[in-house]
Amino acid sequence: MAVKGIDISRYQTQVDFAKVKASGIDFVIIRAGFGEYISQKDPLFESHYKAAKAAGLDVGAYWYSYAESADEARAEAQVCMEAIKGKTLEYPIYFDLEEQSQLKRGKTFCSNLVKAFCDEMEGNGYFAGLYMSRSPLQSYITSDVASRYALWIAEYSDTLNYSGDYGMWQYTSTGNVSGIASDVDRDWAYVDYPSLIKKGGYNGFEPDEPEQVSILGAAKTSTAIRLKWKGVDCTGYKLQQYDTKSKSWKTKKLLKSSLTEYRMTGFKPDTVYRFRMQAYVKSNGKTSYGDWSKAKKVTTRK
């Protein structure tokens with residue numbers, strides 16, 4: 001389902017974000033800055049971000065590029081990350097590519113700028129995208145790059161004349177929104193970026209915790225135990241056994257997420273053992289753990 005949004009910069013001042021939210025707007029993309037120096041951070045980014053969050057709006061950011069090389073695009077990514085450090089952003093961070101000095105250098109050059117910026121952002125835990133007008137996008141960006149990152153396309157028309165996949169459409173620059181005195185860009189989002197970004201642990205969020213594992217039962221012999229559990233959506237499972245000597249839990253095995261049972265050997269007959277399990281999710285260089293299962297007590301056969 002499409003959701004309504006706006007994008008703003010220093011040129012939208014004294015925004016009443018509570019009125020913006022009440023008017024039916026769900027998200028706002030805020031200019032974080034431009035160029036490759038922190039002095040070029042948008043002077044209203046901090047106040048816009050804080051007020052938008054307080055009003056309950058989802059937030060993303062964009063960085064306007066003047067890069068004349070892939071190295072400069074990477075430098076822009078670095079200063080963009082400095083500008084947004086400490087923030088949690090539910091929408092992507094977009095590379096804004098518009099300058100004629102960039103476009104006139106052709107498709108390969110422009111595509112390399114996008115890759116340099118977005119890869120640098122992704123390598124540091126951000127969900128990156130490209131903002132561009134529809135016609136230059138089709139003329140100056142290779143199809144593999146256009147399909148690789150989150151795509152936000154500008155075309156001021158009743159329809160967006162783009163046949164490929166895209167996540168957002170900026171459809172006017174003269175929108176009228178309650179709480180903003182001046183004209184404002186209006187957008188539609190067609191991808192549930194907040195869910196993707198939060199679940200993946202991007203843009204300052206931790207990955208969603210997996211569900212608690214439930215150990216369903218255990219088959220046993222005098223020297224072997226096979227645990228069975230209900231699978232959950234995760235990267236893998238941590239299996240622990242209680243050590244009676246140290247009176248503590250010890251990790252016995254890390255198990256693949258595809259497994260729902262595991263056989264262990266080397267136990268003593270007619271002995272009580274206790275096990276517990278925990279699911280974990282690894283995403284974007286971070287690991288999130290679910291709650292431990294209830295301990296399962298198993299007595300081997302005589």
# chains A, B, ... in the order shown; residues from 1 in each chain; ligands from 1
$ select_by_dssp --residues "stretch 134-271 of chain A" --states "strand (DSSP E or B)" --output "ChimeraX atom specification"
/A:150-154,168-175,184-189,214-220,224-230,236-243,248-256,261-265
$ closest_atom_pairs --of "stretch 155-201 of chain A" --to "stretch 266-284 of chain A" --cutoff "12 Å" --atoms "only C-alpha atoms" --output "tab-separated table"
residue	atom	partner	partner_atom	distance
A:Leu196	CA	A:Ser283	CA	11.4
A:Ile197	CA	A:Asn284	CA	10.2
A:Lys198	CA	A:Ser283	CA	10.5
A:Lys199	CA	A:Ser283	CA	8.6
A:Gly200	CA	A:Ser283	CA	5.7
A:Gly201	CA	A:Asn284	CA	6.3
$ write_last_selection --atoms "C-alpha atoms" --output "PDB file, in the first residue's frame"
ATOM      1  CA  LEU A 196      12.852  -3.654   6.112  1.00  0.00           C
ATOM      2  CA  ILE A 197      15.223  -1.263   7.825  1.00  0.00           C
ATOM      3  CA  LYS A 198      14.223  -2.090  11.391  1.00  0.00           C
ATOM      4  CA  LYS A 199      14.216  -5.842  10.813  1.00  0.00           C
ATOM      5  CA  GLY A 200      17.615  -5.681   9.130  1.00  0.00           C
ATOM      6  CA  GLY A 201      19.176  -3.487  11.778  1.00  0.00           C
TER       7      GLY A 201
END
$ residues_around --residues "A:Gly129" --least-positions-apart "5" --cutoff "7 Å" --atoms "only C-alpha atoms" --output "list of chain:residue names"
A:Pro92, A:Ile93, A:Tyr94, A:Phe95, A:Cys118, A:Tyr149, A:Ala150, A:Leu151
$ residues_around --residues "stretch 169-179 of chain A" --least-positions-apart "6" --cutoff "9 Å" --atoms "only C-alpha atoms" --output "ChimeraX atom specification"
/A:5-7,14-23,25,133,151-160,185-190
$ closest_residue --among "A:Gln100, A:Gln78, A:Thr244, A:Thr88" --to "A:Trp63" --atoms "only C-alpha atoms"
A:Gln78
$ residues_around --residues "A:Lys104" --least-positions-apart "4" --cutoff "12 Å" --atoms "only C-alpha atoms" --output "ChimeraX atom specification"
/A:68,98-100,108-110,136,139-140
$ write_last_selection --atoms "N, CA and C atoms" --output "compact mmCIF listing (two decimals), in the first residue's frame"
# COMPACT_ATOMS: atom_id res chain seq x y z
N GLU A 68 32.98 14.81 -8.19
CA GLU A 68 33.55 14.74 -9.54
C GLU A 68 34.42 13.50 -9.71
N GLU A 98 22.18 15.26 -9.46
CA GLU A 98 21.47 16.20 -10.33
C GLU A 98 22.37 17.10 -11.15
N GLU A 99 23.60 17.33 -10.72
CA GLU A 99 24.43 18.36 -11.33
C GLU A 99 24.77 18.05 -12.79
N GLN A 100 24.63 19.04 -13.65
CA GLN A 100 24.93 18.87 -15.07
C GLN A 100 26.39 18.53 -15.30
N THR A 108 28.68 5.68 -17.44
CA THR A 108 29.63 4.94 -16.61
C THR A 108 30.09 5.78 -15.43
N PHE A 109 30.41 7.05 -15.70
CA PHE A 109 30.86 7.94 -14.63
C PHE A 109 29.79 8.10 -13.56
N CYS A 110 28.55 8.40 -13.98
CA CYS A 110 27.47 8.63 -13.02
C CYS A 110 27.15 7.37 -12.23
N PRO A 136 16.98 11.69 -16.69
CA PRO A 136 18.42 11.46 -16.48
C PRO A 136 18.73 10.06 -15.94
N SER A 139 18.91 7.80 -18.78
CA SER A 139 19.98 8.13 -19.72
C SER A 139 21.37 7.92 -19.14
N TYR A 140 21.53 8.09 -17.82
CA TYR A 140 22.88 8.16 -17.25
C TYR A 140 23.18 7.13 -16.16
$ residues_around --residues "A:Ala32" --least-positions-apart "3" --cutoff "7 Å" --atoms "only C-alpha atoms" --output "number ranges by chain"
A: 41-42, 45, 61-63, 80, 83
